[in-house]
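Structure first, then comments.
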Amino acid sequence: MPELPEVETVRSGLAPALTGARVLAIEIFDERSLKRHKSGPSDFVRSLVGARIAAVVRRGKFIWMPLEFDGAGAPRLALVGHLGMSGQMLLRKRGDEPDKLTRVIIHCETSRGKLIEFRFIDQRLFGGLQLDELVATPDGLTGGFSSKAAKTAWWLNLIPATAAHIARDPLDVNFDAEAVWSRFHKKHSGVKRVLLDQQLMSGIGNIYADEALWQAKLHYDQPADSIKRATFDLLLAAVRSILEKAVAEGGTSFDEQYKNVNGESGYFDVSLNAYGMTDQPCPRCGKGIRRDSWMNRGSHFCPNCQRLRKTA
Ligand SMILES: [Zn+2]
């Protein structure tokens, strides 16, 4: 399942071509990829055709494109994309070879007059596209991360209504570590569960949680309220450095589903220390990495470096 680095790789791949592009036409091959758009596929097409894409923005694992329309009084809408388990967003030139499992094609003309296709591909259909109303962020600050934009851009402090409850991610310039700590240290759940809570901090899933906990030498089940501030700071620093490195390497392609906008895989797999490394030697101490069943998934950890402690 894509996490922040994979979604950011997609965002940064889409942004140069789609910023300023105009939507010319839409082809729908499978309406199930529009199931989140409550007013139905024909409304999706009617509302989106003719719109201009102002930017490509991300918070955590959410990606959206604020839309501009000709004429006054137009609604403040964004095209929201969910990758789900297996979604891909590819950019192709008009008339390129078809991609298998393409569900929706949005035909666009770039700001330089090139004809391109934004293709939404999804094998397992947990992802999808929708139009959503943009609302003010609860803290009045930027909605999410985007490429350079004018400070006066109308969409800067807005967020899609369906993403408004999602917390800022640790790479967000407005991420408030104090505020996160004040909630974190009151939680009695295991630290991994807390890391995956998208309403506390967003963008982290199973892969990067396992990697950050390995780096911070924390057991996945260590209760958050037993973790001292200094250890929390180490954990947050680990989360940030791992996410940044993974963004730089184009994300992880562990399950073969995740692809960048050109249909290529990322390179972070070779940097993994714990995730997916069952029985491989821990790069720090040499003991075998173990995988425990955990919440219908798995947790990878070093039983030597990451012991459950009474107080951490
Ligand atoms: Zn170890």
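Naming scheme: A, B, ... for chains in displayed order of the structure tokens; residues 1 onward per chain; ligands 1 onward as shown.
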> Mind listing the residues within 7 Å of ligand 1, only C-alpha atoms and all ligand atoms counted, as a ChimeraX atom specification?
Replying inline: /A:282-287,302-305
Keeping C-alpha atoms, export the residues of the selection given above as a PDB file, in the first residue's frame.
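The result, stored in selection18.pdb:
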ATOM      1  CA  CYS A 282      19.869  -7.215  11.589  1.00  0.00           C
ATOM      2  CA  PRO A 283      22.251  -4.672   9.986  1.00  0.00           C
ATOM      3  CA  ARG A 284      23.080  -3.377  13.503  1.00  0.00           C
ATOM      4  CA  CYS A 285      23.622  -6.489  15.612  1.00  0.00           C
ATOM      5  CA  GLY A 286      23.478  -9.474  13.258  1.00  0.00           C
ATOM      6  CA  LYS A 287      20.572 -11.288  14.991  1.00  0.00           C
ATOM      7  CA  CYS A 302      15.012  -7.109  15.627  1.00  0.00           C
ATOM      8  CA  PRO A 303      14.251  -9.088  18.828  1.00  0.00           C
ATOM      9  CA  ASN A 304      17.647  -8.041  20.186  1.00  0.00           C
ATOM     10  CA  CYS A 305      17.729  -4.283  19.437  1.00  0.00           C
TER      11      CYS A 305
END
>> At a cut-off of 8 Å, using only C-alpha atoms, what residues contact A:Val7? Leave out same-chain residues fewer than 2 positions from it and give the result as a PyMOL selection string.
In response: chain A and resi 2-5+9-11+58+60-63
Hey, can you spit out that residue selection with N, CA and C atoms as a JSON list (two decimals), in the first residue's frame?
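Heads up, here's the output in result.json:
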[["chain", "number", "residue", "atom", "x", "y", "z"],
["A", 2, "PRO", "N", 0.65, 2.17, -0.92],
["A", 2, "PRO", "CA", 1.53, 3.34, -1.00],
["A", 2, "PRO", "C", 1.49, 4.18, 0.27],
["A", 3, "GLU", "N", 2.64, 4.67, 0.67],
["A", 3, "GLU", "CA", 2.74, 5.56, 1.83],
["A", 3, "GLU", "C", 3.27, 6.90, 1.31],
["A", 4, "LEU", "N", 3.61, 7.79, 2.22],
["A", 4, "LEU", "CA", 3.99, 9.15, 1.80],
["A", 4, "LEU", "C", 5.02, 9.19, 0.66],
["A", 5, "PRO", "N", 6.13, 8.45, 0.75],
["A", 5, "PRO", "CA", 7.14, 8.58, -0.31],
["A", 5, "PRO", "C", 6.63, 8.18, -1.69],
["A", 9, "THR", "N", 6.16, 10.77, -4.79],
["A", 9, "THR", "CA", 6.79, 10.50, -6.08],
["A", 9, "THR", "C", 5.79, 10.69, -7.21],
["A", 10, "VAL", "N", 4.57, 10.23, -6.98],
["A", 10, "VAL", "CA", 3.51, 10.41, -7.97],
["A", 10, "VAL", "C", 3.20, 11.91, -8.11],
["A", 11, "ARG", "N", 3.04, 12.59, -6.98],
["A", 11, "ARG", "CA", 2.72, 14.03, -7.02],
["A", 11, "ARG", "C", 3.76, 14.83, -7.80],
["A", 58, "ARG", "N", -0.27, 17.48, -2.01],
["A", 58, "ARG", "CA", -0.33, 16.27, -1.21],
["A", 58, "ARG", "C", -0.26, 16.57, 0.27],
["A", 60, "GLY", "N", 0.14, 13.79, 3.55],
["A", 60, "GLY", "CA", 0.19, 12.36, 3.87],
["A", 60, "GLY", "C", 0.08, 11.55, 2.60],
["A", 61, "LYS", "N", -0.93, 10.68, 2.54],
["A", 61, "LYS", "CA", -1.11, 9.83, 1.37],
["A", 61, "LYS", "C", -2.21, 10.36, 0.45],
["A", 62, "PHE", "N", -2.69, 11.59, 0.72],
["A", 62, "PHE", "CA", -3.75, 12.19, -0.09],
["A", 62, "PHE", "C", -3.17, 13.08, -1.17],
["A", 63, "ILE", "N", -3.72, 13.01, -2.36],
["A", 63, "ILE", "CA", -3.26, 13.84, -3.47],
["A", 63, "ILE", "C", -4.48, 14.53, -4.08]]
>> Considering only C-alpha atoms, can you say which of A:Leu79, A:Ala163, A:Ala209, A:Ala17 comes closest to A:Val191?
In response: A:Ala209
> Can you list, as a list in words, every protein, DNA or RNA residue that comes within 10 Å of A:Leu48 when you count only C-alpha atoms, leaving out same-chain residues fewer than 3 positions away?
Replying inline: Arg22, Val23, Leu24, Ala25, Ile26, Ser42, Asp43, Phe44, Val45, Ala51, Arg52, Ile53, Leu67, Glu68, Phe69, Leu77, Ala78, Leu79, Ile106, Gln130 and Leu131 of chain A
Selection: 8 Å around A:Thr278, only C-alpha atoms, excl. self and same-chain fewer than 2 positions, as a short mmCIF file (atom, residue, chain, number, x, y, z; two decimals) with C-alpha atoms, in the first residue's frame:
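Output file selection22.cif follows:
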data_model
loop_
_atom_site.label_atom_id
_atom_site.label_comp_id
_atom_site.auth_asym_id
_atom_site.auth_seq_id
_atom_site.Cartn_x
_atom_site.Cartn_y
_atom_site.Cartn_z
CA ALA A 274 13.71 -4.47 8.80
CA TYR A 275 10.60 -4.49 6.60
CA GLY A 276 10.37 -7.70 4.58
CA GLN A 280 17.96 -11.77 7.45
CA GLY A 288 17.76 -12.50 12.72
CA ILE A 289 14.93 -10.04 11.94
CA ARG A 290 11.60 -11.48 13.11
CA ARG A 291 8.12 -11.03 11.70
CA HIS A 300 9.26 -6.76 11.27
#
> Could you pull the residues within 7 Å of stretch 234-247 of chain A, counting only C-alpha atoms, minus those fewer than 2 positions along the same chain, as a list in words?
Replying inline: Pro5, Glu8, Thr9, Pro170, Leu171, Ala212, Leu213, Gln215, Ala216, Ala230, Thr231, Phe232, Glu249, Gly250, Gly251 and Phe268 of chain A
>> I need the helix (DSSP H, G or I) residues of stretch 65-304 of chain A per DSSP on the backbone, written as number ranges by chain.
In response: A: 161-163, 177-184, 191-195, 206-216, 224-226, 229-248, 268-271
>> From the options A:Ala54, A:Leu115, A:Leu90, A:Met295, which residue's atoms come nearest to A:Ser147, counting only C-alpha atoms?
In response: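 Ranked by minimum distance to A:Ser147, first place goes to A:Ala54.
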I'd like the neighbourhood of A:Lys192 as a PDB file with C-alpha atoms, in the first residue's frame, where a residue qualifies if any of its atoms comes within 8 Å (using only C-alpha atoms), though same-chain residues fewer than 2 positions away should be ignored.
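Wrote it out as result.pdb, contents follow:
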ATOM      1  CA  GLY A 190       1.495   0.319  21.090  1.00  0.00           C
ATOM      2  CA  VAL A 194      -0.022   5.303  17.122  1.00  0.00           C
ATOM      3  CA  LEU A 195       2.386   5.947  14.211  1.00  0.00           C
ATOM      4  CA  LEU A 196      -0.207   4.590  11.782  1.00  0.00           C
ATOM      5  CA  ALA A 209       6.709   2.417  10.586  1.00  0.00           C
ATOM      6  CA  ASP A 210       8.790  -0.778  10.779  1.00  0.00           C
ATOM      7  CA  LEU A 213      10.952   1.765  14.862  1.00  0.00           C
ATOM      8  CA  TYR A 220       6.236  -2.087  17.921  1.00  0.00           C
ATOM      9  CA  ASP A 221       4.079  -2.802  20.983  1.00  0.00           C
TER      10      ASP A 221
END
> Please, what distance in Å, to one decimal, runs between atom CA of A:Lys217 and atom CA of A:Arg307?
Replying inline: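 Atom CA of A:Arg307 lies 7.8 Å from atom CA of A:Lys217.
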>> Which residue is closest to A:Leu101? Choose from A:Ala224, A:Ala164, A:Leu134, A:Ile28 and count only C-alpha atoms.
In response: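 For A:Leu101, the nearest of the candidates is A:Ile28.
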>> Among stretch 220-295 of chain A, which residues does DSSP mark as strand (DSSP E or B) when it is run on the backbone? Keep the chain and numbering as in the structure and answer as a ChimeraX atom specification.
In response: /A:223,281,288,290-294
